[in-house]
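**Student:** Sharing entry.txt here; it has compact mmCIF, C-alpha atoms and all ligand atoms.
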# COMPACT_ATOMS: atom_id res chain seq x y z
CA MET A 255 60.77 8.25 -10.94
CA LEU A 256 58.13 9.49 -8.52
CA ARG A 257 56.96 5.96 -7.80
CA GLN A 258 60.46 4.74 -7.15
CA LYS A 259 61.18 7.64 -4.79
CA ILE A 260 57.85 7.34 -2.96
CA GLU A 261 58.33 3.62 -2.44
CA SER A 262 61.65 4.35 -0.78
CA GLY A 263 60.12 6.92 1.58
CA LEU A 264 61.22 10.01 -0.35
CA LEU A 265 59.34 12.85 -2.06
CA PRO A 266 60.96 15.10 -4.68
CA GLN A 267 60.63 18.68 -3.47
CA TRP A 268 59.62 20.07 -6.87
CA VAL A 269 56.13 18.57 -6.49
CA LEU A 270 55.44 21.25 -3.87
CA SER A 271 55.86 24.14 -6.31
CA ASP A 272 55.60 22.92 -9.89
CA PRO A 273 52.75 24.67 -11.78
CA ASP A 274 52.18 21.74 -14.17
CA MET A 275 51.92 19.33 -11.28
CA TYR A 276 49.41 21.67 -9.66
CA GLU A 277 47.24 21.74 -12.81
CA LEU A 278 47.32 17.95 -12.97
CA GLU A 279 46.30 17.73 -9.30
CA LEU A 280 43.31 19.99 -9.91
CA GLU A 281 41.99 17.66 -12.56
CA LYS A 282 43.02 14.23 -11.32
CA ILE A 283 42.72 14.72 -7.58
CA PHE A 284 40.33 17.55 -6.80
CA GLY A 285 38.12 16.77 -9.79
CA ARG A 286 37.74 13.15 -8.67
CA THR A 287 37.68 12.96 -4.88
CA TRP A 288 34.97 13.66 -2.31
CA GLN A 289 35.19 17.23 -1.05
CA PHE A 290 33.70 18.41 2.23
CA LEU A 291 31.11 21.16 1.76
CA ALA A 292 29.19 21.70 4.99
CA HIS A 293 27.80 20.14 8.12
CA GLU A 294 24.05 19.56 8.30
CA SER A 295 23.78 21.77 11.38
CA GLU A 296 24.70 24.73 9.16
CA LEU A 297 21.44 24.16 7.29
CA PRO A 298 18.98 23.66 10.14
CA GLU A 299 15.74 24.53 8.29
CA PRO A 300 14.24 24.41 4.79
CA GLY A 301 15.43 27.46 2.88
CA CYS A 302 18.83 27.59 4.57
CA PHE A 303 21.81 27.80 2.26
CA VAL A 304 25.59 28.19 2.36
CA THR A 305 28.02 28.99 -0.44
CA ARG A 306 31.24 27.00 -0.65
CA TRP A 307 33.99 26.00 -3.07
CA ILE A 308 35.34 22.81 -4.53
CA VAL A 309 38.69 24.45 -5.28
CA ASN A 310 37.69 26.68 -8.24
CA ASP A 311 34.07 25.59 -8.57
CA PRO A 312 31.70 27.77 -6.56
CA VAL A 313 29.01 25.67 -4.88
CA LEU A 314 25.59 26.61 -3.55
CA VAL A 315 24.30 24.15 -0.94
CA THR A 316 20.60 24.39 -0.10
CA LYS A 317 18.02 22.69 2.06
CA THR A 318 14.83 22.27 0.06
CA LYS A 319 11.24 22.61 1.24
CA SER A 320 11.09 18.88 1.81
CA GLY A 321 14.32 19.00 3.85
CA GLU A 322 16.59 17.51 1.20
CA ILE A 323 20.18 18.70 0.82
CA LYS A 324 21.06 19.85 -2.72
CA ALA A 325 24.25 21.29 -4.17
CA PHE A 326 24.64 23.24 -7.40
CA LEU A 327 27.32 25.05 -9.29
CA ASN A 328 26.85 28.58 -7.97
CA SER A 329 26.87 30.04 -11.45
CA CYS A 330 23.80 31.40 -13.18
CA THR A 331 22.85 29.45 -16.31
CA HIS A 332 22.19 32.70 -18.19
CA ARG A 333 25.63 34.30 -18.35
CA GLY A 334 27.47 32.61 -15.53
CA THR A 335 27.91 35.05 -12.67
CA HIS A 336 27.61 33.76 -9.11
CA LEU A 337 23.92 33.28 -8.53
CA CYS A 338 24.28 33.77 -4.79
CA ALA A 339 26.89 36.15 -3.41
CA ALA A 340 26.15 35.66 0.30
CA ASP A 341 28.10 33.26 2.53
CA TYR A 342 24.94 31.88 4.11
CA GLY A 343 21.33 32.73 4.81
CA LYS A 344 17.75 31.60 4.43
CA GLN A 345 15.42 32.30 1.54
CA LYS A 346 12.79 30.77 -0.73
CA SER A 347 14.55 31.50 -4.00
CA PHE A 348 17.66 33.10 -5.50
CA THR A 349 17.49 36.00 -7.93
CA CYS A 350 20.58 36.56 -10.03
CA PRO A 351 22.14 40.01 -9.56
CA TYR A 352 22.99 40.32 -13.28
CA HIS A 353 19.69 40.09 -15.24
CA GLY A 354 17.34 38.87 -12.55
CA TRP A 355 16.67 35.22 -13.40
CA THR A 356 15.24 33.43 -10.38
CA PHE A 357 15.88 29.85 -9.23
CA ASN A 358 14.25 27.95 -6.39
CA LEU A 359 15.88 25.83 -3.68
CA GLU A 360 15.66 22.76 -5.95
CA GLY A 361 17.69 24.58 -8.60
CA LYS A 362 14.71 25.07 -10.96
CA LEU A 363 14.56 28.19 -13.07
CA ILE A 364 11.26 29.69 -11.93
CA GLY A 365 11.45 33.24 -13.20
CA VAL A 366 12.95 35.05 -16.16
CA ALA A 367 12.85 38.83 -15.98
CA LEU A 368 10.38 40.03 -18.66
CA GLY A 369 10.48 36.41 -19.85
CA ASP A 370 7.58 36.11 -22.31
CA LYS A 371 8.23 39.57 -23.75
CA VAL A 372 11.88 39.00 -24.54
CA TYR A 373 12.18 35.25 -25.09
CA GLY A 374 8.65 34.38 -26.16
CA GLU A 375 6.51 31.67 -24.63
CA GLU A 376 8.44 29.00 -26.48
CA MET A 377 11.47 29.29 -24.15
CA LYS A 378 11.84 26.01 -22.31
CA LYS A 379 12.68 27.08 -18.78
CA GLU A 380 13.42 23.52 -17.67
CA GLU A 381 16.46 23.50 -19.95
CA TRP A 382 18.05 26.27 -17.94
CA ASP A 383 17.97 24.89 -14.39
CA LEU A 384 21.05 25.17 -12.19
CA ARG A 385 23.72 22.56 -12.83
CA PRO A 386 23.81 20.10 -9.92
CA ILE A 387 27.12 19.02 -8.41
CA PRO A 388 27.43 15.55 -10.00
CA LYS A 389 27.44 13.67 -6.69
CA ILE A 390 26.65 14.52 -3.11
CA GLY A 391 26.88 12.29 -0.08
CA VAL A 392 26.33 12.68 3.65
CA TYR A 393 27.97 10.79 6.50
CA GLN A 394 27.18 11.59 10.16
CA GLY A 395 25.99 15.04 9.14
CA MET A 396 29.07 15.76 7.01
CA ILE A 397 28.00 16.82 3.52
CA PHE A 398 30.44 16.09 0.70
CA GLY A 399 30.34 16.78 -3.02
CA ASN A 400 32.16 15.13 -5.89
CA LEU A 401 32.68 16.56 -9.38
CA ASP A 402 33.15 13.08 -10.85
CA PRO A 403 29.81 11.48 -11.81
CA ASN A 404 31.52 8.06 -11.74
CA ALA A 405 33.06 8.47 -8.30
CA MET A 406 32.72 5.61 -5.84
CA PRO A 407 30.05 6.16 -3.15
CA LEU A 408 31.11 8.44 -0.27
CA GLU A 409 30.83 5.64 2.30
CA ASP A 410 33.17 3.42 0.25
CA TYR A 411 35.59 6.29 -0.13
CA LEU A 412 35.66 7.02 3.61
CA GLY A 413 36.06 3.31 4.29
CA ASN A 414 37.32 2.61 7.79
CA MET A 415 37.52 6.32 8.56
CA LYS A 416 33.78 5.97 9.27
CA TRP A 417 34.58 4.00 12.43
CA TYR A 418 36.66 6.92 13.74
CA PHE A 419 34.14 9.50 12.48
CA ASP A 420 31.51 7.70 14.55
CA ILE A 421 33.58 8.40 17.69
CA LEU A 422 34.02 12.06 16.81
CA LEU A 423 30.62 12.81 15.31
CA ALA A 424 28.10 10.30 16.65
CA ARG A 425 29.08 9.83 20.30
CA SER A 426 26.35 12.21 21.49
CA ASP A 427 22.59 12.17 21.09
CA GLY A 428 21.79 14.72 18.40
CA GLY A 429 25.32 14.61 16.98
CA MET A 430 27.52 17.65 16.56
CA GLU A 431 26.83 21.25 15.69
CA VAL A 432 28.87 23.92 13.99
CA LYS A 433 29.02 27.10 16.00
CA GLY A 434 29.32 30.33 14.07
CA VAL A 435 30.49 30.22 10.48
CA PRO A 436 33.66 28.63 9.18
CA GLN A 437 36.57 31.00 9.62
CA ARG A 438 38.71 31.53 6.55
CA TRP A 439 42.23 32.75 6.07
CA VAL A 440 44.91 32.41 3.43
CA VAL A 441 48.32 30.90 4.08
CA GLN A 442 51.30 30.73 1.78
CA ALA A 443 51.66 26.96 1.45
CA ASN A 444 51.25 24.00 -0.82
CA TRP A 445 48.09 22.03 -0.02
CA LYS A 446 50.02 18.77 0.40
CA VAL A 447 52.07 20.35 3.18
CA THR A 448 49.04 21.56 5.13
CA SER A 449 47.14 18.29 4.62
CA GLU A 450 50.08 16.26 5.77
CA ASN A 451 50.69 18.46 8.76
CA PHE A 452 47.34 17.47 10.24
CA GLU A 453 46.91 13.99 8.91
CA ALA A 454 50.36 12.62 9.38
CA ASP A 455 52.79 14.72 11.38
CA PRO A 456 52.57 14.71 15.18
CA TYR A 457 56.39 14.77 15.08
CA HIS A 458 56.47 18.54 14.39
CA VAL A 459 54.69 19.36 17.64
CA GLN A 460 57.70 18.81 19.90
CA MET A 461 59.59 21.60 18.09
CA THR A 462 57.15 23.87 16.20
CA HIS A 463 54.78 24.09 19.16
CA ARG A 464 57.41 24.11 21.85
CA SER A 465 56.08 27.36 23.28
CA ALA A 466 52.72 25.63 23.86
CA LYS A 467 54.53 22.97 25.82
CA GLU A 468 56.34 25.61 27.82
CA LEU A 469 53.04 27.32 28.60
CA GLY A 470 51.51 24.03 29.72
CA ILE A 471 48.95 23.83 26.89
CA ALA A 472 50.53 20.55 25.85
CA PRO A 473 52.34 18.00 28.04
CA LYS A 474 56.01 18.98 28.62
CA ASP A 475 57.30 15.45 27.97
CA PRO A 476 59.61 15.76 24.90
CA PHE A 477 58.21 12.55 23.41
CA PHE A 478 54.64 13.93 23.44
CA PRO A 479 52.67 13.61 21.11
CA GLY A 480 54.51 10.50 20.00
CA TYR A 481 52.49 8.24 22.29
CA GLY A 482 49.51 6.35 20.96
CA HIS A 483 48.80 4.93 17.52
CA GLN A 484 49.19 6.17 13.99
CA VAL A 485 46.60 4.45 11.81
CA VAL A 486 46.91 4.04 8.05
CA LEU A 487 43.55 3.85 6.29
CA GLU A 488 42.46 3.21 2.70
CA ASN A 489 42.32 5.85 -0.05
CA GLY A 490 45.07 7.94 1.51
CA HIS A 491 43.26 8.65 4.78
CA GLY A 492 44.86 8.47 8.21
CA ILE A 493 44.44 9.27 11.89
CA ASN A 494 46.62 9.62 14.97
CA VAL A 495 45.09 8.50 18.23
CA ILE A 496 47.35 10.24 20.71
CA THR A 497 47.66 9.41 24.39
CA ALA A 498 49.21 11.53 27.13
CA ASP A 499 52.04 9.12 27.89
CA ALA A 500 53.25 5.55 27.55
CA THR A 501 50.60 4.23 29.97
CA GLY A 502 47.91 4.98 27.39
CA ARG A 503 45.56 6.22 30.15
CA SER A 504 44.22 9.74 30.00
CA PRO A 505 44.64 12.03 33.02
CA PHE A 506 41.27 13.56 32.02
CA PRO A 507 38.92 10.89 30.62
CA PHE A 508 36.86 11.63 27.50
CA GLN A 509 39.00 14.63 26.61
CA GLY A 510 37.75 16.56 29.62
CA MET A 511 34.09 16.45 28.61
CA PRO A 512 31.57 16.73 31.50
CA GLU A 513 30.95 13.56 33.47
CA SER A 514 27.24 14.00 32.88
CA MET A 515 27.88 13.16 29.20
CA TRP A 516 29.79 9.92 29.79
CA PRO A 517 26.74 7.60 30.04
CA MET A 518 25.63 8.98 26.66
CA PHE A 519 28.99 8.07 25.10
CA GLU A 520 28.63 4.58 26.57
CA ARG A 521 25.23 4.26 24.93
CA ASN A 522 26.26 5.49 21.50
CA LEU A 523 29.68 3.87 21.03
CA THR A 524 30.91 0.30 20.89
CA SER A 525 33.17 -0.78 23.75
CA GLU A 526 36.23 -0.51 21.46
CA GLN A 527 35.31 3.02 20.39
CA LEU A 528 34.58 3.97 23.98
CA GLU A 529 37.99 2.78 25.11
CA LEU A 530 39.74 5.01 22.55
CA MET A 531 37.51 7.95 23.38
CA ARG A 532 38.18 7.56 27.10
CA ASN A 533 41.95 7.35 26.77
CA ALA A 534 43.01 9.44 23.79
CA ILE A 535 43.78 13.05 24.53
CA VAL A 536 43.99 14.07 20.86
CA PHE A 537 42.54 12.64 17.64
CA VAL A 538 44.16 14.27 14.63
CA GLY A 539 43.88 13.08 11.06
CA GLY A 540 42.63 13.63 7.57
CA VAL A 541 40.46 12.46 4.74
CA PHE A 542 42.52 12.52 1.55
CA PRO A 543 43.17 14.85 -0.15
CA ASN A 544 42.42 17.99 1.86
CA LEU A 545 40.06 17.58 4.79
CA GLY A 546 41.88 17.75 8.12
CA PHE A 547 40.48 17.41 11.61
CA ILE A 548 41.56 17.61 15.19
CA SER A 549 39.72 16.77 18.37
CA PHE A 550 41.69 18.64 20.96
CA SER A 551 41.51 19.66 24.59
CA ALA A 552 42.98 22.80 26.09
CA PRO A 553 42.42 25.25 28.91
CA PRO A 554 40.49 28.19 27.39
CA LEU A 555 41.74 31.05 29.53
CA GLU A 556 44.71 31.88 31.67
CA GLY A 557 44.28 30.45 35.10
CA GLU A 558 41.54 28.00 34.05
CA THR A 559 42.06 24.54 35.43
CA ASN A 560 39.32 22.73 33.49
CA ILE A 561 40.04 21.11 30.17
CA TYR A 562 37.75 21.94 27.25
CA ASN A 563 37.41 19.71 24.24
CA TYR A 564 36.42 20.76 20.74
CA LEU A 565 36.31 19.30 17.26
CA ASN A 566 37.85 21.30 14.44
CA PHE A 567 37.39 20.36 10.79
CA ARG A 568 39.26 22.19 8.07
CA VAL A 569 39.40 22.19 4.32
CA TRP A 570 42.72 23.14 2.77
CA ARG A 571 41.41 24.78 -0.40
CA PRO A 572 44.24 25.18 -2.91
CA LEU A 573 44.46 28.61 -4.56
CA GLY A 574 47.67 27.86 -6.44
CA PRO A 575 50.79 25.76 -5.96
CA ASP A 576 51.85 27.98 -3.08
CA LYS A 577 48.59 29.25 -1.64
CA VAL A 578 45.88 27.67 0.50
CA GLU A 579 42.66 29.11 1.79
CA VAL A 580 41.97 27.51 5.15
CA TRP A 581 38.30 26.91 5.99
CA SER A 582 37.96 26.07 9.65
CA TRP A 583 34.79 24.79 11.34
CA PHE A 584 34.34 24.70 15.12
CA MET A 585 32.14 21.81 16.23
CA ILE A 586 30.87 20.68 19.58
CA ASP A 587 28.35 18.13 20.82
CA LYS A 588 24.82 19.48 20.53
CA ALA A 589 24.05 17.81 23.85
CA ALA A 590 26.91 19.54 25.75
CA PRO A 591 25.95 22.09 28.44
CA GLU A 592 25.75 25.64 27.01
CA GLU A 593 28.45 26.95 29.32
CA TYR A 594 30.77 24.15 28.25
CA LYS A 595 30.18 25.06 24.59
CA GLU A 596 31.17 28.67 25.23
CA LYS A 597 34.38 27.74 27.01
CA SER A 598 35.14 25.14 24.38
CA TYR A 599 34.85 27.82 21.68
CA LEU A 600 37.38 29.98 23.54
CA SER A 601 39.62 26.97 23.81
CA TYR A 602 39.44 26.59 19.99
CA LEU A 603 40.11 30.28 19.37
CA GLY A 604 43.18 30.26 21.59
CA THR A 605 44.70 27.19 19.95
CA PHE A 606 43.61 26.44 16.36
CA GLY A 607 41.53 29.51 15.48
CA PRO A 608 43.24 31.89 13.00
CA SER A 609 44.94 33.73 15.84
CA GLY A 610 45.48 30.63 17.96
CA ILE A 611 48.93 29.94 19.30
CA LEU A 612 49.27 26.58 17.54
CA GLU A 613 47.88 27.83 14.24
CA GLN A 614 50.33 30.68 13.95
CA ASP A 615 53.32 28.47 14.67
CA ASP A 616 52.46 26.24 11.71
CA ALA A 617 51.54 28.99 9.23
CA GLU A 618 54.99 30.53 9.59
CA ILE A 619 56.75 27.26 8.86
CA TRP A 620 54.50 26.38 5.88
CA ALA A 621 55.24 29.74 4.23
CA ARG A 622 58.95 29.11 4.52
CA ILE A 623 58.53 25.67 2.91
CA ALA A 624 56.69 27.31 0.00
CA GLN A 625 59.44 29.92 -0.34
CA ALA A 626 62.26 27.42 -0.20
CA SER A 627 60.53 25.09 -2.67
CA GLY A 628 60.08 27.76 -5.33
CA GLY A 629 63.72 28.44 -6.15
CA LEU A 630 65.74 27.01 -9.01
CA MET A 631 67.61 24.48 -6.91
CA ALA A 632 64.57 22.94 -5.20
CA ARG A 633 62.62 22.91 -8.48
CA ASP A 634 65.25 20.87 -10.30
CA LYS A 635 63.48 17.77 -11.61
CA GLU A 636 66.66 15.93 -12.50
CA LEU A 637 67.23 15.69 -8.75
CA SER A 638 70.80 16.72 -9.35
CA TYR A 639 70.86 18.34 -5.92
CA ASN A 640 69.44 15.28 -4.08
CA ASN A 641 66.13 17.16 -4.13
CA VAL A 642 64.13 14.74 -2.07
CA LEU A 643 62.34 15.24 1.21
CA ASN A 644 62.68 12.70 3.98
CA TYR A 645 59.76 10.41 4.87
CA LEU A 646 61.86 7.62 6.26
CA MET A 647 60.66 7.69 9.87
CA GLY A 648 59.81 4.14 10.94
CA LEU A 649 60.17 2.72 7.40
CA ASP A 650 60.63 -1.05 7.71
CA ARG A 651 61.31 -0.59 11.43
CA VAL A 652 57.90 -0.30 13.09
CA GLU A 653 55.48 -3.21 12.99
CA PRO A 654 51.68 -2.82 13.23
CA ASP A 655 50.07 -3.41 16.63
CA GLU A 656 47.55 -6.20 16.12
CA THR A 657 45.95 -5.54 19.52
CA PHE A 658 44.74 -2.05 18.61
CA PRO A 659 40.93 -2.07 18.82
CA GLY A 660 40.19 0.07 15.73
CA PRO A 661 40.26 -0.78 12.02
CA GLY A 662 43.14 0.08 9.68
CA VAL A 663 46.83 -0.64 10.03
CA ALA A 664 47.75 0.77 13.44
CA TYR A 665 51.33 1.40 14.43
CA PRO A 666 52.12 1.79 18.14
CA ILE A 667 53.76 5.21 17.82
CA CYS A 668 52.72 8.60 16.40
CA PHE A 669 56.21 9.83 15.51
CA LEU A 670 56.07 7.96 12.23
CA ASP A 671 55.79 8.67 8.48
CA ALA A 672 53.51 5.73 7.68
CA VAL A 673 50.44 7.90 7.00
CA SER A 674 52.48 10.36 4.89
CA ARG A 675 53.82 7.53 2.77
CA ASN A 676 50.28 6.21 2.36
CA MET A 677 49.13 9.67 1.23
CA HIS A 678 51.90 9.89 -1.33
CA LYS A 679 51.07 6.46 -2.75
CA TYR A 680 47.41 7.30 -3.20
CA TRP A 681 48.26 10.72 -4.58
CA LEU A 682 50.40 9.11 -7.28
CA GLU A 683 47.78 6.44 -7.95
CA LEU A 684 45.21 9.15 -8.70
CA LEU A 685 47.62 11.21 -10.78
CA ILE A 686 48.38 8.34 -13.14
CA LYS A 687 44.87 6.94 -13.28
CA ASP A 688 43.49 7.19 -16.79
CA HIS A 689 39.86 8.23 -16.60
CA SER A 690 39.41 8.27 -20.33
CA ILE A 691 39.05 4.49 -20.35
CA ALA A 692 36.90 2.22 -18.16
CA GLU A 693 36.81 2.97 -14.43
CA GLY A 694 39.34 1.12 -12.35
CA VAL A 695 41.70 0.46 -15.27
CA TYR A 696 45.17 1.97 -15.05
CA ARG A 697 47.35 3.14 -17.85
FE1 LIG B 1 22.14 35.57 -14.24
FE2 LIG B 1 21.94 36.98 -16.46
S1 LIG B 1 23.72 36.11 -15.56
S2 LIG B 1 20.41 36.51 -15.06
FE FE B 2 50.96 22.14 14.16
Represent the structure contained in this file as structure tokens.
Ligand code: FES
Ligand code: FE

**Tutor:**
Amino acid sequence: MLRQKIESGLLPQWVLSDPDMYELELEKIFGRTWQFLAHESELPEPGCFVTRWIVNDPVLVTKTKSGEIKAFLNSCTHRGTHLCAADYGKQKSFTCPYHGWTFNLEGKLIGVALGDKVYGEEMKKEEWDLRPIPKIGVYQGMIFGNLDPNAMPLEDYLGNMKWYFDILLARSDGGMEVKGVPQRWVVQANWKVTSENFEADPYHVQMTHRSAKELGIAPKDPFFPGYGHQVVLENGHGINVITADATGRSPFPFQGMPESMWPMFERNLTSEQLELMRNAIVFVGGVFPNLGFISFSAPPLEGETNIYNYLNFRVWRPLGPDKVEVWSWFMIDKAAPEEYKEKSYLSYLGTFGPSGILEQDDAEIWARIAQASGGLMARDKELSYNNVLNYLMGLDRVEPDETFPGPGVAYPICFLDAVSRNMHKYWLELLIKDHSIAEGVYR
């Protein structure tokens, strides 16, 4: 039934609130896909660490003495409490707060409190090392983990998203850096709604964020941000390359970044990537299932005339069928002038930070979707109330634009449900995939 509905551009509303569906998603989707953990700039030196989550699995990410990135289940092998309770820091080893076992940055058990006296010399310490996250992978400084030891390599999973990541993450010498720590807040929402909002839904901007248009933070044109291209990528990923208007030329090239940086972009990008970077005013998209990103430009303060770009990555960490913890990273080019970085940070705070004008607009709407999806009528699985949500925009009406310079299937409009439909298809594919038999074989 789900497949039939999804193929016709519909999604039954009960999947947004059903507890059994949520449990299945935890196992089949979050237990199997690559999950973003940290950016390398958060671990600048040996000994640096951050603590993160892959949904319900606490993760300790470390940089070892030799500079290698490691990730472990942040749970002591003695009795299981969090080994490290801090968000981030720098140290040579971790001593458990419960009974004092100590592990090094490589995850080795190196000290047992009163060890020989209480366990005897025969205790084999090497059997009690931290449990590594089954797979980790890094692309352009983005560190991902995967709980599935048989998962495809990160680069295969990202697929053509890498081409767009190169624009966002590798345009500058030295790459990007995270400033501060990721901000976190909890919203009442289903993770599919938040993921889709970033990856696939520029259409909501004209209404939800109307006040931003009225204030001049976004172009007043009612069709904005429908201009540009919505690009469908493999494995449920997608991106919207948004232009200011139908001409496709940006009124502020390179998202308002200083002219002094332009020759660097020319050096680091291909001519096709450079063209998109010069002309797009927003890149907004997602890596399935729950990593969203936006490269956005806004004036940081009242009265400011300059435009300040920033890159925001966010993980929508599910806490239940109707709850998401948002993890939001601010990133900027390491090579940008310091003053620009400061202004760019203000620009982020005022727009997509937890108190940003655009962020608050969305959070309100998402909560109301969660509320409305939890009642008896919306939860009816027989669909006796026509309980389907509408993803029909552009279905069988909009043809791909073969002249678009980037990879993927690019449609010449951003007010479109093509990426949403692609997300739903991949979501269902993962849900029905039987992992108990050979990889790649479907029930
Ligand atoms: Fe960590 Fe006992 S739980 S030392
Ligand atoms: Fe929004």

**Student:** One decimal, Å: what's the distance from atom CA of Ala472 of chain A over to atom CA of Phe542 of chain A, could you say?

**Tutor:**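 For atom CA of Ala472 of chain A relative to atom CA of Phe542 of chain A, the distance reads 26.8 Å.
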
**Student:** Within 10 Å of ligand FE 2 (chain B), which residues of chain A show up? Give each one with its shortest atom-to-atom distance in Å (one decimal) and the two atoms involved, counting all atoms listed in the file, rows by chain then rising residue number, as a tab-separated table.

**Tutor:**
residue	atom	partner	partner_atom	distance
A:Thr448	CA	B:FE2	FE	9.3
A:Asn451	CA	B:FE2	FE	6.5
A:Phe452	CA	B:FE2	FE	7.1
A:Asp455	CA	B:FE2	FE	8.1
A:Pro456	CA	B:FE2	FE	7.7
A:Tyr457	CA	B:FE2	FE	9.2
A:His458	CA	B:FE2	FE	6.6
A:Val459	CA	B:FE2	FE	5.8
A:Gln460	CA	B:FE2	FE	9.5
A:Met461	CA	B:FE2	FE	9.5
A:Thr462	CA	B:FE2	FE	6.7
A:His463	CA	B:FE2	FE	6.6
A:Thr605	CA	B:FE2	FE	9.9
A:Phe606	CA	B:FE2	FE	8.8
A:Ile611	CA	B:FE2	FE	9.6
A:Leu612	CA	B:FE2	FE	5.8
A:Glu613	CA	B:FE2	FE	6.5
A:Gln614	CA	B:FE2	FE	8.6
A:Asp615	CA	B:FE2	FE	6.8
A:Asp616	CA	B:FE2	FE	5.0
A:Ala617	CA	B:FE2	FE	8.5
A:Ile619	CA	B:FE2	FE	9.4
A:Trp620	CA	B:FE2	FE	10.0

**Student:** Kindly export the residues of the current selection with C-alpha atoms, as a PDB file, in the frame of the given file.

**Tutor:**
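What ended up in again.pdb:
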ATOM      1  CA  THR A 448      49.040  21.560   5.130  1.00  0.00           C
ATOM      2  CA  ASN A 451      50.690  18.460   8.760  1.00  0.00           C
ATOM      3  CA  PHE A 452      47.340  17.470  10.240  1.00  0.00           C
ATOM      4  CA  ASP A 455      52.790  14.720  11.380  1.00  0.00           C
ATOM      5  CA  PRO A 456      52.570  14.710  15.180  1.00  0.00           C
ATOM      6  CA  TYR A 457      56.390  14.770  15.080  1.00  0.00           C
ATOM      7  CA  HIS A 458      56.470  18.540  14.390  1.00  0.00           C
ATOM      8  CA  VAL A 459      54.690  19.360  17.640  1.00  0.00           C
ATOM      9  CA  GLN A 460      57.700  18.810  19.900  1.00  0.00           C
ATOM     10  CA  MET A 461      59.590  21.600  18.090  1.00  0.00           C
ATOM     11  CA  THR A 462      57.150  23.870  16.200  1.00  0.00           C
ATOM     12  CA  HIS A 463      54.780  24.090  19.160  1.00  0.00           C
ATOM     13  CA  THR A 605      44.700  27.190  19.950  1.00  0.00           C
ATOM     14  CA  PHE A 606      43.610  26.440  16.360  1.00  0.00           C
ATOM     15  CA  ILE A 611      48.930  29.940  19.300  1.00  0.00           C
ATOM     16  CA  LEU A 612      49.270  26.580  17.540  1.00  0.00           C
ATOM     17  CA  GLU A 613      47.880  27.830  14.240  1.00  0.00           C
ATOM     18  CA  GLN A 614      50.330  30.680  13.950  1.00  0.00           C
ATOM     19  CA  ASP A 615      53.320  28.470  14.670  1.00  0.00           C
ATOM     20  CA  ASP A 616      52.460  26.240  11.710  1.00  0.00           C
ATOM     21  CA  ALA A 617      51.540  28.990   9.230  1.00  0.00           C
ATOM     22  CA  ILE A 619      56.750  27.260   8.860  1.00  0.00           C
ATOM     23  CA  TRP A 620      54.500  26.380   5.880  1.00  0.00           C
TER      24      TRP A 620
END

**Student:** List all protein, DNA and RNA residues that have at least one atom no more than 6 Å from any atom of ligand LIG 1 (chain B), counting all atoms listed in the file, and write them as a PyMOL selection string.

**Tutor:** chain A and resi 330+332-335+350+352-355

**Student:** Which residues are close to Ile260 of chain A, i.e. within 9 Å by all atoms listed in the file, leaving aside same-chain residues fewer than 2 positions away? Reply as a list of chain:residue names.

**Tutor:**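 Counting all atoms listed in the file, the residues come to A:Met255, A:Leu256, A:Arg257, A:Gln258, A:Ser262, A:Gly263, A:Leu264, A:Leu265, A:Pro266, A:Tyr645, A:Arg675, A:His678, A:Lys679, A:Leu682.
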
**Student:** Take the residues from that selection and put them in a file with C-alpha atoms, as an mmCIF file, in the coordinates of the input.

**Tutor:**
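Result went into out_19.cif, see below:
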data_model
loop_
_atom_site.group_PDB
_atom_site.id
_atom_site.type_symbol
_atom_site.label_atom_id
_atom_site.label_comp_id
_atom_site.auth_asym_id
_atom_site.auth_seq_id
_atom_site.Cartn_x
_atom_site.Cartn_y
_atom_site.Cartn_z
ATOM 1 C CA MET A 255 60.770 8.250 -10.940
ATOM 2 C CA LEU A 256 58.130 9.490 -8.520
ATOM 3 C CA ARG A 257 56.960 5.960 -7.800
ATOM 4 C CA GLN A 258 60.460 4.740 -7.150
ATOM 5 C CA SER A 262 61.650 4.350 -0.780
ATOM 6 C CA GLY A 263 60.120 6.920 1.580
ATOM 7 C CA LEU A 264 61.220 10.010 -0.350
ATOM 8 C CA LEU A 265 59.340 12.850 -2.060
ATOM 9 C CA PRO A 266 60.960 15.100 -4.680
ATOM 10 C CA TYR A 645 59.760 10.410 4.870
ATOM 11 C CA ARG A 675 53.820 7.530 2.770
ATOM 12 C CA HIS A 678 51.900 9.890 -1.330
ATOM 13 C CA LYS A 679 51.070 6.460 -2.750
ATOM 14 C CA LEU A 682 50.400 9.110 -7.280
#

**Student:** Please return as a ChimeraX atom specification every residue within 10 Å of (46.5, 12.2, 25.4), taking into account only C-alpha atoms and the file's own coordinates.

**Tutor:** /A:472-473,478-482,495-500,502-509,532-537,550-551

**Student:** Can you measure atom CA of Val269 of chain A to atom CA of Arg571 of chain A for me? One decimal in Å is fine.

**Tutor:**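 If I compute the distance from atom CA of Val269 of chain A to atom CA of Arg571 of chain A, I get 17.1 Å.
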
**Student:** Taking (29.2, 25.4, -3.2) in the coordinates of the supplied file, I want to know which residues reach to within 12 Å of it, counting only C-alpha atoms; could you give the answer as a PyMOL selection string?

**Tutor:** chain A and resi 289-292+303-316+323-329+336-342+385-387+390+397-401

**Student:** Skip Gln442 of chain A itself and residues of its chain fewer than 6 positions away, then list as number ranges by chain all residues within 10 Å of it, counting all atoms listed in the file.

**Tutor:** A: 573-579, 617-625

**Student:** Using atom CA of Val486 of chain A and atom CA of Ser449 of chain A as the two end points, give the distance in Å to one decimal.

**Tutor:**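 Computing the Euclidean distance for atom CA of Val486 of chain A and atom CA of Ser449 of chain A yields 14.7 Å.
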